[in-house]
>>> print(open('data_10.cif').read())   # mmCIF, C-alpha atoms
data_coords
loop_
_atom_site.label_atom_id
_atom_site.label_comp_id
_atom_site.auth_asym_id
_atom_site.auth_seq_id
_atom_site.Cartn_x
_atom_site.Cartn_y
_atom_site.Cartn_z
CA MET W 71 -89.22 41.60 -94.91
CA SER W 72 -86.39 39.53 -93.50
CA THR W 73 -83.66 38.12 -95.73
CA ALA W 74 -82.03 34.73 -95.28
CA THR W 75 -78.62 33.36 -96.23
CA ARG W 76 -77.41 29.81 -95.75
CA GLU W 77 -73.97 28.32 -95.16
CA SER W 78 -72.99 24.70 -94.62
CA THR W 79 -69.70 23.31 -93.43
CA SER W 80 -68.11 20.77 -95.75
CA SER W 81 -69.36 17.21 -95.41
CA ALA W 82 -65.81 16.04 -94.81
CA SER W 83 -65.61 18.09 -91.61
CA LYS W 84 -68.99 17.04 -90.22
CA PRO W 85 -69.52 13.77 -88.32
CA GLN W 86 -72.65 11.70 -88.71
CA MET W 87 -75.63 13.35 -87.07
CA GLU W 88 -76.07 12.40 -83.41
CA ALA W 89 -79.32 10.82 -82.17
CA SER W 90 -80.07 14.02 -80.27
CA ALA W 91 -80.14 15.94 -83.57
CA SER W 92 -81.64 13.28 -85.83
CA ILE W 93 -84.90 13.07 -83.83
CA TYR W 94 -85.84 16.48 -85.19
CA ASN W 95 -87.63 15.17 -88.25
CA LYS W 96 -90.98 16.55 -89.42
CA PHE W 97 -92.95 14.60 -86.82
CA GLY W 98 -90.54 15.33 -83.98
CA LEU W 99 -90.64 19.05 -84.71
CA SER W 100 -94.45 19.01 -84.88
CA ILE W 101 -94.75 17.80 -81.29
CA TYR W 102 -91.68 19.47 -79.77
CA ASP W 103 -93.33 22.60 -78.40
CA ILE W 104 -96.15 20.78 -76.64
CA LEU W 105 -94.05 17.83 -75.46
CA VAL W 106 -90.87 19.64 -74.38
CA LEU W 107 -91.66 23.31 -73.87
CA THR W 108 -95.03 22.69 -72.21
CA ILE W 109 -95.50 19.24 -70.68
CA SER W 110 -91.92 18.30 -69.84
CA ASN W 111 -90.86 21.75 -68.65
CA ILE W 112 -93.85 22.00 -66.32
CA PHE W 113 -94.19 18.47 -64.99
CA ALA W 114 -90.77 16.81 -65.41
CA TRP W 115 -88.10 19.51 -65.28
CA ARG W 116 -90.16 21.98 -63.20
CA CYS W 117 -88.81 25.02 -65.03
CA GLN W 118 -91.62 26.65 -66.96
CA THR W 119 -91.03 28.12 -70.38
CA GLY W 120 -93.27 31.17 -70.06
CA ASP W 121 -92.42 32.09 -66.48
CA VAL W 122 -88.68 31.36 -66.41
CA LEU W 123 -86.97 30.40 -69.67
CA LEU W 124 -88.51 32.85 -72.13
CA PRO W 125 -88.01 35.95 -69.93
CA PHE W 126 -84.40 34.85 -69.33
CA TYR W 127 -83.93 34.42 -73.08
CA LYS W 128 -85.31 37.86 -73.91
CA GLN W 129 -83.27 39.55 -71.20
CA HIS W 130 -79.92 39.02 -72.92
CA ILE W 131 -80.62 39.45 -76.65
CA GLY W 132 -78.03 41.69 -78.32
CA GLN W 133 -78.92 44.52 -80.68
CA SER W 134 -76.23 44.12 -83.34
CA ALA W 135 -76.13 40.36 -83.91
CA HIS W 136 -77.47 37.33 -82.05
CA LEU W 137 -76.29 33.71 -82.46
CA GLU W 138 -78.76 30.92 -81.70
CA ILE W 139 -77.09 27.52 -81.22
CA GLY W 140 -79.33 24.45 -81.24
CA VAL W 141 -82.44 26.09 -82.66
CA GLY W 142 -85.14 23.46 -82.06
CA THR W 143 -88.39 24.71 -83.56
CA GLY W 144 -87.32 28.34 -83.38
CA TYR W 145 -89.75 28.99 -80.53
CA TYR W 146 -87.53 31.30 -78.49
CA PRO W 147 -86.52 33.81 -81.19
CA ALA W 148 -90.01 33.79 -82.72
CA ALA W 149 -91.59 34.44 -79.30
CA SER W 150 -89.07 37.26 -78.78
CA VAL W 151 -89.63 39.03 -82.09
CA GLN W 152 -90.48 42.36 -80.44
CA THR W 153 -87.23 42.24 -78.45
CA LEU W 154 -85.38 41.26 -81.64
CA ALA W 155 -86.79 44.24 -83.54
CA LYS W 156 -83.56 46.20 -82.96
CA THR W 157 -81.30 43.22 -83.71
CA LYS W 158 -79.85 43.50 -87.20
CA VAL W 159 -78.77 39.88 -87.70
CA VAL W 160 -79.94 36.60 -86.21
CA THR W 161 -77.75 33.60 -87.00
CA LEU W 162 -79.32 30.16 -86.55
CA LEU W 163 -76.78 27.35 -86.11
CA ASP W 164 -77.63 23.66 -85.91
CA LEU W 165 -76.46 20.26 -87.12
CA ASN W 166 -79.92 19.41 -88.45
CA PRO W 167 -81.10 21.17 -91.64
CA ASN W 168 -84.76 20.46 -90.76
CA THR W 169 -84.60 22.59 -87.63
CA LEU W 170 -82.79 25.39 -89.44
CA VAL W 171 -85.49 25.68 -92.11
CA MET W 172 -88.35 25.52 -89.60
CA ALA W 173 -86.76 28.07 -87.26
CA GLN W 174 -86.01 30.47 -90.11
CA GLN W 175 -89.56 30.24 -91.45
CA ARG W 176 -91.06 30.65 -88.00
CA LEU W 177 -88.95 33.70 -87.18
CA ALA W 178 -89.78 35.36 -90.50
CA TYR W 179 -93.48 34.54 -90.12
CA ALA W 180 -93.43 36.08 -86.62
CA GLY W 181 -92.43 39.36 -88.24
CA TYR W 182 -88.67 39.63 -87.84
CA LYS W 183 -87.40 42.15 -90.43
CA GLY W 184 -83.63 41.74 -90.12
CA GLU W 185 -81.22 39.33 -91.77
CA ILE W 186 -81.47 35.63 -90.87
CA GLU W 187 -78.37 33.51 -91.44
CA LEU W 188 -78.54 29.70 -91.43
CA ILE W 189 -75.42 27.68 -90.63
CA GLU W 190 -75.44 23.87 -90.69
CA HIS W 191 -72.56 23.08 -88.36
CA ASN W 192 -71.26 20.86 -85.56
CA ILE W 193 -70.71 23.08 -82.52
CA PHE W 194 -67.63 21.09 -81.47
CA GLN W 195 -65.88 22.27 -84.66
CA PRO W 196 -64.35 25.75 -85.18
CA LEU W 197 -66.77 28.34 -86.49
CA PRO W 198 -66.25 30.10 -89.84
CA THR W 199 -63.69 32.89 -89.59
CA ASN W 200 -66.13 35.46 -90.99
CA MET W 201 -68.10 35.17 -87.74
CA GLY W 202 -65.19 36.53 -85.67
CA GLY W 203 -66.10 39.24 -83.15
CA LYS W 204 -69.62 39.56 -84.54
CA TYR W 205 -72.08 38.60 -81.82
CA GLU W 206 -73.35 40.53 -78.81
CA SER W 207 -75.31 37.52 -77.58
CA VAL W 208 -75.07 33.75 -77.97
CA ALA W 209 -77.91 31.51 -76.76
CA LEU W 210 -77.49 27.84 -75.82
CA PHE W 211 -80.93 26.72 -74.68
CA TYR W 212 -81.28 22.98 -74.03
CA VAL W 213 -78.07 22.22 -75.90
CA PHE W 214 -75.58 20.81 -73.37
CA HIS W 215 -77.80 18.01 -72.08
CA CYS W 216 -78.20 16.79 -75.67
CA LEU W 217 -74.47 16.66 -76.36
CA PRO W 218 -72.36 13.52 -75.86
CA GLY W 219 -69.93 13.50 -72.95
CA SER W 220 -70.38 15.18 -69.60
CA LEU W 221 -69.86 18.47 -67.83
CA PRO W 222 -67.56 20.27 -67.49
CA LYS W 223 -65.61 19.12 -70.58
CA LYS W 224 -68.32 19.28 -73.22
CA ALA W 225 -69.25 22.80 -72.10
CA THR W 226 -65.65 24.04 -72.02
CA ASP W 227 -65.14 22.61 -75.52
CA VAL W 228 -68.17 24.54 -76.78
CA PHE W 229 -67.17 27.73 -74.98
CA THR W 230 -63.74 27.52 -76.61
CA VAL W 231 -65.41 27.36 -80.04
CA ILE W 232 -67.73 30.27 -79.24
CA ALA W 233 -65.20 32.66 -77.71
CA PRO W 234 -63.69 34.02 -80.98
CA VAL W 235 -67.09 35.13 -82.33
CA LEU W 236 -67.97 37.28 -79.31
CA SER W 237 -67.90 41.06 -79.56
CA PRO W 238 -66.59 43.08 -76.60
CA GLY W 239 -69.02 42.79 -73.68
CA ALA W 240 -70.98 39.97 -75.30
CA VAL W 241 -73.01 37.50 -73.22
CA VAL W 242 -73.21 33.72 -73.58
CA TYR W 243 -76.30 32.35 -71.90
CA GLY W 244 -78.59 29.36 -71.84
CA ALA W 245 -80.18 26.52 -69.92
CA THR W 246 -79.50 22.81 -69.56
CA ILE W 247 -81.23 19.92 -67.81
CA LEU W 248 -79.04 18.49 -65.05
CA GLY W 249 -78.82 14.79 -64.31
CA SER W 250 -76.72 14.62 -61.14
CA GLY W 251 -77.03 16.39 -57.79
CA VAL W 252 -80.65 17.42 -58.38
CA SER W 253 -83.91 15.82 -57.27
CA HIS W 254 -85.80 14.37 -60.22
CA ASN W 255 -89.45 13.45 -59.74
CA TRP W 256 -91.00 10.24 -61.08
CA LEU W 257 -91.70 11.63 -64.56
CA GLY W 258 -88.30 13.27 -64.83
CA THR W 259 -86.56 10.05 -63.79
CA ARG W 260 -88.48 8.07 -66.39
CA LEU W 261 -87.72 10.55 -69.18
CA MET W 262 -84.07 10.76 -68.18
CA GLY W 263 -83.78 6.97 -68.42
CA ILE W 264 -85.47 6.77 -71.81
CA TYR W 265 -83.70 9.73 -73.39
CA ASN W 266 -80.23 8.76 -72.18
CA LYS W 267 -80.71 5.15 -73.29
CA LYS W 268 -81.68 6.31 -76.78
CA GLY W 269 -78.83 8.82 -76.99
CA ILE W 270 -81.18 11.79 -77.15
CA PHE W 271 -79.73 13.07 -73.87
CA GLY W 272 -76.18 12.70 -72.59
CA ASN W 273 -76.58 14.22 -69.16
CA VAL W 274 -76.57 11.45 -66.53
CA ALA W 275 -73.42 12.86 -64.93
CA ASP W 276 -74.14 16.55 -65.63
CA SER W 277 -74.23 18.50 -62.37
CA GLU W 278 -74.52 22.11 -61.25
CA GLU W 279 -70.93 21.98 -60.05
CA GLY W 280 -69.81 20.66 -63.45
CA LEU W 281 -71.55 23.59 -65.13
CA ARG W 282 -69.99 26.01 -62.67
CA GLU W 283 -66.55 24.50 -63.28
CA ALA W 284 -66.91 24.92 -67.04
CA LEU W 285 -67.93 28.55 -66.65
CA ARG W 286 -65.21 29.23 -64.09
CA GLU W 287 -62.59 27.82 -66.45
CA SER W 288 -63.88 29.68 -69.49
CA PHE W 289 -65.07 33.13 -68.37
CA GLU W 290 -64.09 35.98 -66.07
CA GLN W 291 -67.70 36.75 -65.18
CA TRP W 292 -70.49 34.20 -64.87
CA GLU W 293 -73.62 33.26 -62.92
CA VAL W 294 -75.60 30.04 -62.45
CA ARG W 295 -78.96 29.37 -60.85
CA VAL W 296 -81.03 26.21 -60.77
CA VAL W 297 -84.79 26.16 -61.25
CA GLY W 298 -86.29 22.72 -60.77
CA VAL W 299 -83.63 20.51 -62.38
CA VAL W 300 -82.57 23.07 -65.00
CA GLY W 301 -79.34 25.05 -64.74
CA LEU W 302 -79.58 28.58 -66.14
CA PHE W 303 -76.30 30.33 -66.86
CA GLU W 304 -74.90 33.58 -68.22
CA ALA W 305 -71.27 34.49 -68.83
CA ARG W 306 -69.08 37.31 -70.12
CA LYS W 307 -65.40 38.02 -70.81
CA PRO W 308 -63.95 34.71 -72.11
CA LYS W 309 -60.58 33.79 -70.71
CA GLY W 310 -57.56 33.38 -72.97
CA VAL W 311 -59.23 34.52 -76.20
CA PRO W 312 -59.51 38.29 -76.67
CA SER W 313 -62.72 39.47 -78.25
CA VAL W 314 -62.23 40.62 -81.84
CA LYS W 315 -63.33 44.11 -82.78
CA LEU W 316 -65.19 44.51 -86.04
#
>>> encode(input="data_10.cif", output="structure tokens")
Amino acid sequence: MSTATRESTSSASKPQMEASASIYNKFGLSIYDILVLTISNIFAWRCQTGDVLLPFYKQHIGQSAHLEIGVGTGYYPAASVQTLAKTKVVTLLDLNPNTLVMAQQRLAYAGYKGEIELIEHNIFQPLPTNMGGKYESVALFYVFHCLPGSLPKKATDVFTVIAPVLSPGAVVYGATILGSGVSHNWLGTRLMGIYNKKGIFGNVADSEEGLREALRESFEQWEVRVVGVVGLFEARKPKGVPSVKL
């Protein structure tokens, strides 16, 4: 049986929840998998969950501790429970408490036996010091395109926050929907317009080169590839911040 612990940053240090996080209410979470992970990924973003994103997610999961930032419905860790069997700790971090609870329950129900930590936190703010040097893998799936601002700055800001919690040799990896320099089809263009107008997305100016620039500035080793209009990235060896040994 998995165990769960929960930590929340102080309300004084957290800004009001962004539109991109607040949409994850009970109804939004109930339709997320079919709307985003199935319909949108196939027909709008042209980067299928089962064929591309999930295998990429599983490929980089660490065995000691894994940090999931922007947890959504918890689909990815729950669908990777066999790969996570050797992972001792999974930490779920999100600004929205609804997503944290759903992801924790889903992962436990899928059969994960290790420790599940829940952290309600704004990823632009420094992480708790007790997380230093802990994680072999950090996943950022569909996070950057939901953040305010544009690439490369919003990504470099997040990478700066993440760097101190990485163990030696750790990998930071994820995927983000690009808005600039890619060819959106009719459905993708429509969704981009709606989501950016409502503040759900903040990716009109996000480009592959902006993502590459953020990685180049932040890490010694990194790779990017684009599938459809989605940029997939992996990176190791953060610049300027030595990894902390446990």
>>> resolve_selection(input="data_10.cif", expression="the PyMOL selection byres ((chain W and resi 165) around 6)", output="JSON, numbers by chain")
{"W": [164, 166, 190, 191, 192]}
>>> write_last_selection(input="data_10.cif", atoms="C-alpha atoms", output="PDB file, in the frame of the given file")
ATOM      1  CA  ASP W 164     -77.630  23.660 -85.910  1.00  0.00           C
ATOM      2  CA  ASN W 166     -79.920  19.410 -88.450  1.00  0.00           C
ATOM      3  CA  GLU W 190     -75.440  23.870 -90.690  1.00  0.00           C
ATOM      4  CA  HIS W 191     -72.560  23.080 -88.360  1.00  0.00           C
ATOM      5  CA  ASN W 192     -71.260  20.860 -85.560  1.00  0.00           C
TER       6      ASN W 192
END
>>> resolve_selection(input="data_10.cif", expression="the PyMOL selection byres ((chain W and resi 247-250) around 8)", output="PyMOL selection string")
chain W and resi 115+212+214-215+245-246+251-252+262+273-278+299-301
>>> closest_residue(input="data_10.cif", among="W:Cys216, W:Val241, W:Ile264, W:Leu281", to="Gly140 of chain W", atoms="only C-alpha atoms")
W:Cys216
>>> residues_around(input="data_10.cif", residues="Ile112 of chain W", least_positions_apart="4", cutoff="12 Å", atoms="only C-alpha atoms", output="mmCIF file with C-alpha atoms, in the coordinates of the input")
data_model
loop_
_atom_site.group_PDB
_atom_site.id
_atom_site.type_symbol
_atom_site.label_atom_id
_atom_site.label_comp_id
_atom_site.auth_asym_id
_atom_site.auth_seq_id
_atom_site.Cartn_x
_atom_site.Cartn_y
_atom_site.Cartn_z
ATOM 1 C CA ILE W 104 -96.150 20.780 -76.640
ATOM 2 C CA LEU W 105 -94.050 17.830 -75.460
ATOM 3 C CA VAL W 106 -90.870 19.640 -74.380
ATOM 4 C CA LEU W 107 -91.660 23.310 -73.870
ATOM 5 C CA THR W 108 -95.030 22.690 -72.210
ATOM 6 C CA ARG W 116 -90.160 21.980 -63.200
ATOM 7 C CA CYS W 117 -88.810 25.020 -65.030
ATOM 8 C CA GLN W 118 -91.620 26.650 -66.960
ATOM 9 C CA THR W 119 -91.030 28.120 -70.380
ATOM 10 C CA GLY W 120 -93.270 31.170 -70.060
ATOM 11 C CA ASP W 121 -92.420 32.090 -66.480
ATOM 12 C CA VAL W 122 -88.680 31.360 -66.410
ATOM 13 C CA LEU W 123 -86.970 30.400 -69.670
ATOM 14 C CA ASN W 255 -89.450 13.450 -59.740
ATOM 15 C CA LEU W 257 -91.700 11.630 -64.560
ATOM 16 C CA GLY W 258 -88.300 13.270 -64.830
ATOM 17 C CA VAL W 297 -84.790 26.160 -61.250
ATOM 18 C CA GLY W 298 -86.290 22.720 -60.770
ATOM 19 C CA VAL W 299 -83.630 20.510 -62.380
ATOM 20 C CA VAL W 300 -82.570 23.070 -65.000
#
>>> closest_residue(input="data_10.cif", among="W:Tyr179, W:Phe211, W:Tyr102, W:Tyr243", to="Ile131 of chain W", atoms="all atoms listed in the file")
W:Tyr243
>>> closest_residue(input="data_10.cif", among="W:Gly219, W:Ser150, W:Lys267, W:Ile186", to="Phe126 of chain W", atoms="all atoms listed in the file")
W:Ser150
>>> atom_distance(input="data_10.cif", atom1="atom CA of Pro198 of chain W", atom2="atom CA of Val294 of chain W")
28.9 Å
>>> resolve_selection(input="data_10.cif", expression="the PyMOL selection byres ((chain W and resi 308) around 7)", output="NGL selection string")
:W and (233 or 288-290 or 306-307 or 309-311)
>>> build_atoms(input="data_10.cif", residues="segment 122-135 of chain W", atoms="N, CA and C atoms", output="PDB file, in the frame of the given file")
ATOM      1  N   VAL W 122     -90.101  31.336 -66.720  1.00  0.00           N
ATOM      2  CA  VAL W 122     -88.680  31.360 -66.410  1.00  0.00           C
ATOM      3  C   VAL W 122     -87.808  31.471 -67.659  1.00  0.00           C
ATOM      4  N   LEU W 123     -87.921  30.505 -68.561  1.00  0.00           N
ATOM      5  CA  LEU W 123     -86.970  30.400 -69.670  1.00  0.00           C
ATOM      6  C   LEU W 123     -87.120  31.516 -70.698  1.00  0.00           C
ATOM      7  N   LEU W 124     -88.328  31.814 -71.106  1.00  0.00           N
ATOM      8  CA  LEU W 124     -88.510  32.850 -72.130  1.00  0.00           C
ATOM      9  C   LEU W 124     -88.104  34.245 -71.625  1.00  0.00           C
ATOM     10  N   PRO W 125     -88.498  34.652 -70.421  1.00  0.00           N
ATOM     11  CA  PRO W 125     -88.010  35.950 -69.930  1.00  0.00           C
ATOM     12  C   PRO W 125     -86.486  36.009 -69.830  1.00  0.00           C
ATOM     13  N   PHE W 126     -85.860  34.910 -69.408  1.00  0.00           N
ATOM     14  CA  PHE W 126     -84.400  34.850 -69.330  1.00  0.00           C
ATOM     15  C   PHE W 126     -83.783  34.974 -70.721  1.00  0.00           C
ATOM     16  N   TYR W 127     -84.398  34.333 -71.695  1.00  0.00           N
ATOM     17  CA  TYR W 127     -83.930  34.420 -73.080  1.00  0.00           C
ATOM     18  C   TYR W 127     -83.984  35.856 -73.587  1.00  0.00           C
ATOM     19  N   LYS W 128     -85.121  36.499 -73.401  1.00  0.00           N
ATOM     20  CA  LYS W 128     -85.310  37.860 -73.910  1.00  0.00           C
ATOM     21  C   LYS W 128     -84.361  38.861 -73.251  1.00  0.00           C
ATOM     22  N   GLN W 129     -84.054  38.615 -71.999  1.00  0.00           N
ATOM     23  CA  GLN W 129     -83.270  39.550 -71.200  1.00  0.00           C
ATOM     24  C   GLN W 129     -81.903  39.848 -71.791  1.00  0.00           C
ATOM     25  N   HIS W 130     -81.317  38.889 -72.513  1.00  0.00           N
ATOM     26  CA  HIS W 130     -79.920  39.020 -72.920  1.00  0.00           C
ATOM     27  C   HIS W 130     -79.710  39.173 -74.431  1.00  0.00           C
ATOM     28  N   ILE W 131     -80.761  39.338 -75.200  1.00  0.00           N
ATOM     29  CA  ILE W 131     -80.620  39.450 -76.650  1.00  0.00           C
ATOM     30  C   ILE W 131     -79.853  40.714 -77.032  1.00  0.00           C
ATOM     31  N   GLY W 132     -78.829  40.555 -77.875  1.00  0.00           N
ATOM     32  CA  GLY W 132     -78.030  41.690 -78.320  1.00  0.00           C
ATOM     33  C   GLY W 132     -78.692  42.442 -79.464  1.00  0.00           C
ATOM     34  N   GLN W 133     -78.294  43.692 -79.665  1.00  0.00           N
ATOM     35  CA  GLN W 133     -78.920  44.520 -80.680  1.00  0.00           C
ATOM     36  C   GLN W 133     -78.230  44.440 -82.043  1.00  0.00           C
ATOM     37  N   SER W 134     -76.944  44.164 -82.067  1.00  0.00           N
ATOM     38  CA  SER W 134     -76.230  44.120 -83.340  1.00  0.00           C
ATOM     39  C   SER W 134     -76.407  42.772 -84.030  1.00  0.00           C
ATOM     40  N   ALA W 135     -76.025  41.701 -83.326  1.00  0.00           N
ATOM     41  CA  ALA W 135     -76.130  40.360 -83.910  1.00  0.00           C
ATOM     42  C   ALA W 135     -76.304  39.341 -82.791  1.00  0.00           C
TER      43      ALA W 135
END
